[in-house]
file model-v9.cif (mmCIF, C-alpha atoms and all ligand atoms)
data_model
loop_
_atom_site.label_atom_id
_atom_site.label_comp_id
_atom_site.auth_asym_id
_atom_site.auth_seq_id
_atom_site.Cartn_x
_atom_site.Cartn_y
_atom_site.Cartn_z
CA MET A 1 35.95 88.17 85.92
CA VAL A 2 33.73 89.05 82.95
CA PHE A 3 35.64 92.31 82.52
CA GLU A 4 39.02 90.70 83.08
CA ASN A 5 38.18 88.27 80.30
CA ASN A 6 37.07 91.15 78.09
CA ARG A 7 40.24 93.17 78.65
CA GLU A 8 42.56 90.61 77.07
CA CYS A 9 42.60 88.60 73.89
CA TYR A 10 45.26 86.20 75.06
CA HIS A 11 42.49 83.64 74.90
CA CYS A 12 41.17 84.62 71.45
CA ASP A 13 43.34 82.46 69.18
CA GLY A 14 42.18 79.26 70.80
CA ASN A 15 38.56 80.18 71.42
CA HIS A 16 37.04 82.65 68.96
CA PRO A 17 37.20 81.32 65.36
CA GLU A 18 34.27 83.50 64.21
CA LEU A 19 35.62 86.73 65.73
CA LEU A 20 39.12 86.17 64.35
CA ASN A 21 37.82 86.74 60.80
CA SER A 22 37.72 90.45 61.60
CA PHE A 23 39.12 91.25 65.05
CA VAL A 24 42.77 91.34 65.95
CA GLU A 25 43.85 92.49 69.37
CA ASN A 26 46.17 95.45 69.19
CA LEU A 27 48.53 95.18 72.13
CA SER A 28 49.70 98.75 71.49
CA VAL A 29 46.35 100.05 72.73
CA ALA A 30 45.35 97.29 75.14
CA GLY A 31 47.12 99.15 77.92
CA VAL A 32 48.00 102.79 77.59
CA GLY A 33 50.43 102.93 74.64
CA GLY A 34 50.13 103.05 70.85
CA ASP A 35 52.28 105.92 69.65
CA ASP A 36 55.20 103.63 68.85
CA ASP A 37 53.31 101.61 66.22
CA PRO A 38 53.72 103.36 62.82
CA GLU A 39 50.88 101.43 61.14
CA LEU A 40 48.52 102.32 63.95
CA VAL A 41 49.57 105.97 63.88
CA ALA A 42 48.98 106.06 60.09
CA PHE A 43 45.52 104.53 60.62
CA TRP A 44 44.69 107.11 63.30
CA ASP A 45 45.95 109.95 61.07
CA ARG A 46 43.76 108.78 58.16
CA CYS A 47 40.64 108.48 60.34
CA GLU A 48 41.22 111.78 62.13
CA ALA A 49 41.75 113.56 58.78
CA ALA A 50 38.24 112.31 57.93
CA GLY A 51 36.92 113.90 61.10
CA LEU A 52 36.82 110.79 63.28
CA PRO A 53 38.60 111.13 66.65
CA SER A 54 40.73 108.02 67.05
CA ARG A 55 43.60 108.37 69.50
CA LEU A 56 43.29 107.01 73.01
CA VAL A 57 41.30 109.12 75.45
CA MET A 58 41.44 107.93 79.03
CA ASP A 59 39.94 109.08 82.30
CA PRO A 60 42.77 110.22 84.65
CA ASN A 61 41.53 107.58 87.11
CA GLY A 62 41.31 104.94 84.41
CA GLN A 63 37.55 104.41 84.64
CA TYR A 64 36.76 105.08 80.99
CA ARG A 65 38.83 104.81 77.85
CA MET A 66 38.15 105.19 74.17
CA THR A 67 40.36 104.35 71.21
CA ARG A 68 40.04 103.26 67.59
CA ILE A 69 41.69 100.10 66.29
CA PRO A 70 42.06 98.74 62.76
CA LEU A 71 40.40 95.41 62.03
CA PHE A 72 42.05 92.32 60.54
CA ARG A 73 43.27 92.70 56.96
CA ASN A 74 40.49 94.33 54.95
CA ALA A 75 37.64 93.59 57.35
CA VAL A 76 35.32 96.52 58.06
CA SER A 77 32.74 94.81 60.26
CA TYR A 78 32.36 91.90 62.69
CA THR A 79 30.99 89.46 60.13
CA MET A 80 32.20 86.06 58.94
CA ASN A 81 33.66 87.57 55.74
CA GLY A 82 34.59 90.97 57.20
CA LYS A 83 32.18 92.78 54.90
CA PRO A 84 29.50 95.15 56.23
CA ALA A 85 26.44 93.53 57.81
CA VAL A 86 24.33 96.62 57.13
CA LYS A 87 24.05 98.37 53.77
CA ARG A 88 23.67 101.80 55.37
CA ARG A 89 26.44 103.67 57.14
CA LEU A 90 26.41 104.58 60.80
CA ASP A 91 28.88 107.45 60.43
CA SER A 92 28.82 110.35 58.01
CA THR A 93 32.26 110.03 56.39
CA ASP A 94 33.28 108.60 53.05
CA GLU A 95 36.07 106.57 54.66
CA GLU A 96 35.25 102.94 54.03
CA ASN A 97 37.54 101.42 56.63
CA ILE A 98 37.29 103.16 59.99
CA GLY A 99 38.08 100.09 62.12
CA ALA A 100 36.37 99.77 65.46
CA LEU A 101 36.07 102.51 68.03
CA LEU A 102 36.28 100.83 71.44
CA TYR A 103 34.73 102.42 74.48
CA PHE A 104 35.06 100.93 77.96
CA ASN A 105 33.45 102.37 81.05
CA TYR A 106 34.25 100.31 84.14
CA PRO A 107 32.72 98.36 85.68
CA SER A 108 29.56 98.02 83.65
CA THR A 109 29.92 98.47 79.90
CA TRP A 110 32.08 98.04 76.82
CA ASN A 111 31.13 99.07 73.28
CA HIS A 112 32.33 98.77 69.68
CA PHE A 113 31.41 101.36 67.03
CA LEU A 114 31.91 100.21 63.43
CA GLY A 115 31.17 101.82 60.07
CA ASP A 116 27.85 99.99 59.66
CA HIS A 117 26.68 99.15 63.18
CA ALA A 118 27.56 99.46 66.85
CA LEU A 119 27.60 96.94 69.68
CA SER A 120 26.81 97.69 73.28
CA PHE A 121 27.53 95.29 76.14
CA ARG A 122 26.12 95.78 79.63
CA VAL A 123 27.59 93.88 82.57
CA LEU A 124 25.21 93.50 85.51
CA PRO A 125 26.31 91.53 88.57
CA LEU A 126 23.40 89.48 89.95
CA GLY A 127 25.38 87.99 92.82
CA ALA A 128 28.86 86.91 93.83
CA GLY A 129 28.81 84.07 91.31
CA GLU A 130 26.44 85.28 88.60
CA THR A 131 26.58 88.09 86.03
CA LEU A 132 24.12 89.09 83.35
CA VAL A 133 25.72 90.31 80.09
CA THR A 134 23.32 92.02 77.67
CA THR A 135 24.41 92.74 74.10
CA LYS A 136 22.62 95.15 71.78
CA TRP A 137 23.29 95.59 68.07
CA LEU A 138 22.60 99.16 66.95
CA VAL A 139 21.99 99.84 63.26
CA PRO A 140 21.29 103.17 61.50
CA ALA A 141 17.78 104.40 62.27
CA ASP A 142 16.66 104.13 58.66
CA ALA A 143 18.01 100.60 58.12
CA VAL A 144 15.26 98.07 57.42
CA GLU A 145 15.60 94.43 58.50
CA GLY A 146 15.43 92.09 55.54
CA GLU A 147 16.37 94.87 53.11
CA ASP A 148 19.46 96.54 54.55
CA TYR A 149 20.58 93.72 56.84
CA ASP A 150 19.61 90.29 58.06
CA LEU A 151 19.79 89.36 61.69
CA GLU A 152 21.86 86.21 61.24
CA THR A 153 24.71 87.97 59.41
CA LEU A 154 24.57 90.88 61.85
CA THR A 155 24.59 88.83 65.06
CA LYS A 156 26.36 85.58 64.20
CA VAL A 157 29.90 86.53 65.26
CA TRP A 158 29.09 88.01 68.65
CA LEU A 159 26.43 85.46 69.57
CA ALA A 160 29.14 82.83 69.12
CA THR A 161 31.82 84.93 70.82
CA ASN A 162 29.62 85.72 73.81
CA ASP A 163 28.83 82.07 74.31
CA GLN A 164 32.53 81.15 74.11
CA ASP A 165 33.40 83.87 76.61
CA ARG A 166 30.58 82.74 78.91
CA GLN A 167 32.08 79.27 79.00
CA LEU A 168 35.60 80.64 79.62
CA VAL A 169 34.47 82.84 82.49
CA GLU A 170 32.33 80.12 84.06
CA GLU A 171 35.22 77.66 83.95
CA THR A 172 37.66 80.24 85.31
CA PHE A 173 35.22 81.04 88.11
CA ARG A 174 35.09 77.37 89.05
CA GLY A 175 38.89 77.38 89.12
CA VAL A 176 39.35 80.44 91.30
CA SER A 177 36.61 79.19 93.66
CA SER A 178 38.71 76.15 94.49
CA PRO A 179 40.29 76.18 97.96
CA SER A 180 43.58 75.22 96.33
CA TYR A 181 43.57 78.18 93.90
CA VAL A 182 46.62 80.42 94.09
CA PRO A 183 46.67 83.59 91.92
CA GLY A 184 49.43 83.75 89.33
CA PRO A 185 51.03 86.85 87.77
CA PHE A 186 49.55 88.62 84.74
CA SER A 187 51.59 88.98 81.58
CA ASP A 188 52.71 92.63 81.36
CA LEU A 189 52.36 92.42 77.57
CA ALA A 190 49.45 90.14 76.69
CA GLU A 191 47.40 91.02 79.77
CA ASN A 192 48.29 94.68 80.07
CA GLY A 193 44.64 95.64 79.66
CA VAL A 194 43.70 93.37 82.56
CA CYS A 195 46.38 94.99 84.73
CA GLN A 196 44.93 98.41 83.89
CA PHE A 197 41.41 97.25 84.84
CA VAL A 198 42.50 95.55 88.06
CA ASP A 199 44.53 98.60 89.10
CA TRP A 200 41.45 100.79 88.58
CA TYR A 201 39.24 98.33 90.48
CA CYS A 202 41.58 98.03 93.46
CA GLU A 203 42.15 101.78 93.70
CA THR A 204 38.42 102.52 93.41
CA MET A 205 37.55 99.99 96.12
CA ARG A 206 40.32 101.28 98.37
CA GLN A 207 39.04 104.85 98.07
CA LYS A 208 35.39 103.87 98.62
CA LEU A 209 36.25 101.83 101.69
CA GLN A 210 38.41 104.64 103.06
CA ASN A 211 35.53 107.09 102.61
CA GLN A 212 33.28 104.83 104.66
CA LYS A 213 35.53 105.01 107.72
FE FE B 1 36.76 86.41 74.47
#
call {"tool": "encode", "arguments": {"input": "model-v9.cif", "output": "structure tokens", "more": "lines below"}}
Ligand SMILES: [Fe+2]
result
Amino acid sequence: MVFENNRECYHCDGNHPELLNSFVENLSVAGVGGDDDPELVAFWDRCEAAGLPSRLVMDPNGQYRMTRIPLFRNAVSYTMNGKPAVKRRLDSTDEENIGALLYFNYPSTWNHFLGDHALSFRVLPLGAGETLVTTKWLVPADAVEGEDYDLETLTKVWLATNDQDRQLVEETFRGVSSPSYVPGPFSDLAENGVCQFVDWYCETMRQKLQNQK
């Protein structure tokens, strides 16, 4: 459920005011598409010309996927004003706006790589009804706290977003745990990423169980 929540931003508009200053879900890459969006293609071309791989790379089985997305308007980092949280650069290009490189590896991690810092999320199930999510903010090795960045600016957006997502997942878990719960269909458009994750999960479980016979 933590990953299902992560793989869609259907819920973002109503729940993530801090994140929406910089992040905008790109439905073209939420699933497996993207080549039909001219603005996205132009963004990828610009980043790749600067030496930054950007187009979707996906495991044939769907377990991992990596793609670069542009951020909202002129934002270059996940901060309240969209400006960098760290004065030093994480990458070695002169391109100021490289968006966010997203890397998912099911079922345990998702990551965002920005121009000034990176975010790593680990998902560790502790039991059927409890999951530990650990977030790490990675800054350039020579960045000095207090000089090149301050923790509040760096962490504010995702501390808030994580807490909002925690509440959403906990409430959804309560809902699906009800004896009267009946699953509904996913939206092929807005929840395409969830469909892709669930397909991978079901196929992986089916194969593992078959191998145990
Ligand atoms: Fe969320």
call {"tool": "closest_residue", "arguments": {"input": "model-v9.cif", "among": "A:Leu56, A:Phe104, A:Leu20, A:Ala42", "to": "Phe197 of chain A", "atoms": "all atoms listed in the file"}}
result
A:Phe104
call {"tool": "closest_residue", "arguments": {"input": "model-v9.cif", "among": "A:Leu119, A:Leu27, A:Leu19, A:Cys47", "to": "ligand FE 1 (chain B)", "atoms": "only C-alpha atoms and all ligand atoms"}}
result
A:Leu19
call {"tool": "closest_residue", "arguments": {"input": "model-v9.cif", "among": "A:Tyr64, A:Trp137, A:Trp110, A:Phe72", "to": "Phe3 of chain A", "atoms": "only C-alpha atoms"}}
result
A:Trp110
call {"tool": "closest_residue", "arguments": {"input": "model-v9.cif", "among": "A:Asn61, A:Ala75, A:Gly82, A:Ala143", "to": "Thr204 of chain A", "atoms": "all atoms listed in the file"}}
result
A:Asn61
call {"tool": "residues_around", "arguments": {"input": "model-v9.cif", "residues": "segment 173-185 of chain A", "least_positions_apart": "5", "cutoff": "9 Å", "atoms": "only C-alpha atoms", "output": "list in words"}}
result
Met1, Gly129 and Leu168 of chain A
call {"tool": "residues_around", "arguments": {"input": "model-v9.cif", "residues": "Asp45 of chain A", "least_positions_apart": "5", "cutoff": "9 Å", "atoms": "all atoms listed in the file", "output": "list in words"}}
result
Leu40, Ala50, Ser54 and Arg55 of chain A
call {"tool": "residues_near_ligand", "arguments": {"input": "model-v9.cif", "ligand": "ligand FE 1 (chain B)", "cutoff": "12 Å", "atoms": "all atoms listed in the file", "output": "number ranges by chain"}}
result
A: 1-20, 23-25, 157-169
call {"tool": "closest_residue", "arguments": {"input": "model-v9.cif", "among": "A:Glu171, A:Lys208, A:Asn21, A:Glu95", "to": "Arg46 of chain A", "atoms": "only C-alpha atoms"}}
result
A:Glu95
call {"tool": "atom_distance", "arguments": {"input": "model-v9.cif", "atom1": "atom CA of Leu90 of chain A", "atom2": "atom CA of Leu138 of chain A"}}
result
9.0 Å
call {"tool": "atom_distance", "arguments": {"input": "model-v9.cif", "atom1": "atom CA of Thr153 of chain A", "atom2": "atom CA of Glu48 of chain A"}}
result
29.1 Å
call {"tool": "closest_residue", "arguments": {"input": "model-v9.cif", "among": "A:Pro70, A:Pro125, A:Gly51, A:Gly62", "to": "Asp94 of chain A", "atoms": "all atoms listed in the file"}}
result
A:Gly51
call {"tool": "atom_distance", "arguments": {"input": "model-v9.cif", "atom1": "atom CA of Tyr106 of chain A", "atom2": "atom CA of Pro53 of chain A"}}
result
21.0 Å
call {"tool": "residues_around", "arguments": {"input": "model-v9.cif", "residues": "Ile69 of chain A", "least_positions_apart": "6", "cutoff": "7 Å", "atoms": "all atoms listed in the file", "output": "list in words"}}
result
Gly99, Ala100 and Leu101 of chain A
call {"tool": "decode", "arguments": {"input": "model-v9.cif", "residues": "segment 162-189 of chain A", "atoms": "N, CA, C and O atoms", "output": "JSON list (two decimals), in the first residue's frame"}}
result
[["chain", "number", "residue", "atom", "x", "y", "z"],
["A", 162, "ASN", "N", 5.98, 13.16, 3.55],
["A", 162, "ASN", "CA", 5.99, 11.82, 4.15],
["A", 162, "ASN", "C", 4.89, 11.68, 5.18],
["A", 162, "ASN", "O", 4.23, 10.63, 5.26],
["A", 163, "ASP", "N", 4.73, 12.71, 6.00],
["A", 163, "ASP", "CA", 3.74, 12.61, 7.07],
["A", 163, "ASP", "C", 2.32, 12.58, 6.48],
["A", 163, "ASP", "O", 1.45, 11.85, 6.96],
["A", 164, "GLN", "N", 2.12, 13.35, 5.41],
["A", 164, "GLN", "CA", 0.81, 13.33, 4.73],
["A", 164, "GLN", "C", 0.56, 11.96, 4.10],
["A", 164, "GLN", "O", -0.54, 11.41, 4.19],
["A", 165, "ASP", "N", 1.58, 11.40, 3.47],
["A", 165, "ASP", "CA", 1.42, 10.07, 2.86],
["A", 165, "ASP", "C", 1.20, 9.00, 3.93],
["A", 165, "ASP", "O", 0.43, 8.06, 3.73],
["A", 166, "ARG", "N", 1.90, 9.13, 5.06],
["A", 166, "ARG", "CA", 1.69, 8.17, 6.16],
["A", 166, "ARG", "C", 0.22, 8.15, 6.56],
["A", 166, "ARG", "O", -0.41, 7.08, 6.68],
["A", 167, "GLN", "N", -0.35, 9.34, 6.71],
["A", 167, "GLN", "CA", -1.76, 9.41, 7.12],
["A", 167, "GLN", "C", -2.67, 8.79, 6.05],
["A", 167, "GLN", "O", -3.60, 8.04, 6.36],
["A", 168, "LEU", "N", -2.38, 9.08, 4.77],
["A", 168, "LEU", "CA", -3.20, 8.53, 3.68],
["A", 168, "LEU", "C", -3.15, 7.02, 3.67],
["A", 168, "LEU", "O", -4.18, 6.34, 3.54],
["A", 169, "VAL", "N", -1.94, 6.47, 3.80],
["A", 169, "VAL", "CA", -1.80, 5.01, 3.75],
["A", 169, "VAL", "C", -2.44, 4.37, 4.96],
["A", 169, "VAL", "O", -3.12, 3.33, 4.84],
["A", 170, "GLU", "N", -2.26, 4.97, 6.13],
["A", 170, "GLU", "CA", -2.87, 4.39, 7.34],
["A", 170, "GLU", "C", -4.39, 4.38, 7.23],
["A", 170, "GLU", "O", -5.05, 3.40, 7.60],
["A", 171, "GLU", "N", -4.94, 5.46, 6.71],
["A", 171, "GLU", "CA", -6.41, 5.53, 6.59],
["A", 171, "GLU", "C", -6.90, 4.54, 5.52],
["A", 171, "GLU", "O", -7.95, 3.90, 5.67],
["A", 172, "THR", "N", -6.14, 4.44, 4.43],
["A", 172, "THR", "CA", -6.53, 3.48, 3.39],
["A", 172, "THR", "C", -6.46, 2.05, 3.92],
["A", 172, "THR", "O", -7.33, 1.21, 3.63],
["A", 173, "PHE", "N", -5.42, 1.79, 4.73],
["A", 173, "PHE", "CA", -5.29, 0.45, 5.30],
["A", 173, "PHE", "C", -6.49, 0.11, 6.19],
["A", 173, "PHE", "O", -7.01, -1.01, 6.15],
["A", 174, "ARG", "N", -6.91, 1.10, 6.97],
["A", 174, "ARG", "CA", -8.10, 0.86, 7.80],
["A", 174, "ARG", "C", -9.30, 0.53, 6.91],
["A", 174, "ARG", "O", -10.09, -0.34, 7.22],
["A", 175, "GLY", "N", -9.39, 1.24, 5.78],
["A", 175, "GLY", "CA", -10.52, 1.01, 4.87],
["A", 175, "GLY", "C", -10.50, -0.38, 4.25],
["A", 175, "GLY", "O", -11.50, -1.10, 4.27],
["A", 176, "VAL", "N", -9.35, -0.79, 3.74],
["A", 176, "VAL", "CA", -9.30, -2.09, 3.06],
["A", 176, "VAL", "C", -9.35, -3.25, 4.06],
["A", 176, "VAL", "O", -9.60, -4.39, 3.68],
["A", 177, "SER", "N", -9.11, -2.95, 5.34],
["A", 177, "SER", "CA", -9.18, -4.00, 6.37],
["A", 177, "SER", "C", -10.63, -4.25, 6.80],
["A", 177, "SER", "O", -10.90, -5.22, 7.51],
["A", 178, "SER", "N", -11.53, -3.40, 6.36],
["A", 178, "SER", "CA", -12.93, -3.57, 6.74],
["A", 178, "SER", "C", -13.54, -4.80, 6.06],
["A", 178, "SER", "O", -13.26, -5.05, 4.88],
["A", 179, "PRO", "N", -14.34, -5.57, 6.78],
["A", 179, "PRO", "CA", -14.98, -6.74, 6.15],
["A", 179, "PRO", "C", -15.90, -6.35, 5.00],
["A", 179, "PRO", "O", -16.20, -7.17, 4.14],
["A", 180, "SER", "N", -16.33, -5.10, 4.96],
["A", 180, "SER", "CA", -17.23, -4.69, 3.89],
["A", 180, "SER", "C", -16.50, -4.06, 2.71],
["A", 180, "SER", "O", -17.11, -3.59, 1.76],
["A", 181, "TYR", "N", -15.15, -4.07, 2.75],
["A", 181, "TYR", "CA", -14.38, -3.48, 1.65],
["A", 181, "TYR", "C", -14.49, -4.32, 0.38],
["A", 181, "TYR", "O", -14.35, -5.53, 0.40],
["A", 182, "VAL", "N", -14.75, -3.63, -0.73],
["A", 182, "VAL", "CA", -14.77, -4.28, -2.04],
["A", 182, "VAL", "C", -13.83, -3.49, -2.95],
["A", 182, "VAL", "O", -14.00, -2.28, -3.10],
["A", 183, "PRO", "N", -12.81, -4.13, -3.55],
["A", 183, "PRO", "CA", -11.88, -3.37, -4.40],
["A", 183, "PRO", "C", -12.59, -2.74, -5.59],
["A", 183, "PRO", "O", -13.49, -3.34, -6.17],
["A", 184, "GLY", "N", -12.18, -1.53, -5.93],
["A", 184, "GLY", "CA", -12.71, -0.87, -7.11],
["A", 184, "GLY", "C", -11.67, -0.87, -8.21],
["A", 184, "GLY", "O", -10.54, -1.29, -7.98],
["A", 185, "PRO", "N", -12.01, -0.42, -9.41],
["A", 185, "PRO", "CA", -11.04, -0.42, -10.51],
["A", 185, "PRO", "C", -10.05, 0.74, -10.38],
["A", 185, "PRO", "O", -10.37, 1.78, -9.79],
["A", 186, "PHE", "N", -8.85, 0.58, -10.91],
["A", 186, "PHE", "CA", -7.91, 1.69, -11.00],
["A", 186, "PHE", "C", -8.25, 2.52, -12.23],
["A", 186, "PHE", "O", -8.77, 1.99, -13.22],
["A", 187, "SER", "N", -7.87, 3.80, -12.19],
["A", 187, "SER", "CA", -7.97, 4.63, -13.38],
["A", 187, "SER", "C", -6.79, 4.30, -14.30],
["A", 187, "SER", "O", -5.64, 4.35, -13.87],
["A", 188, "ASP", "N", -7.08, 3.95, -15.56],
["A", 188, "ASP", "CA", -6.01, 3.61, -16.50],
["A", 188, "ASP", "C", -5.07, 4.78, -16.73],
["A", 188, "ASP", "O", -3.91, 4.61, -17.06],
["A", 189, "LEU", "N", -5.59, 6.00, -16.55],
["A", 189, "LEU", "CA", -4.78, 7.19, -16.80],
["A", 189, "LEU", "C", -4.07, 7.65, -15.52],
["A", 189, "LEU", "O", -2.85, 7.57, -15.41]]
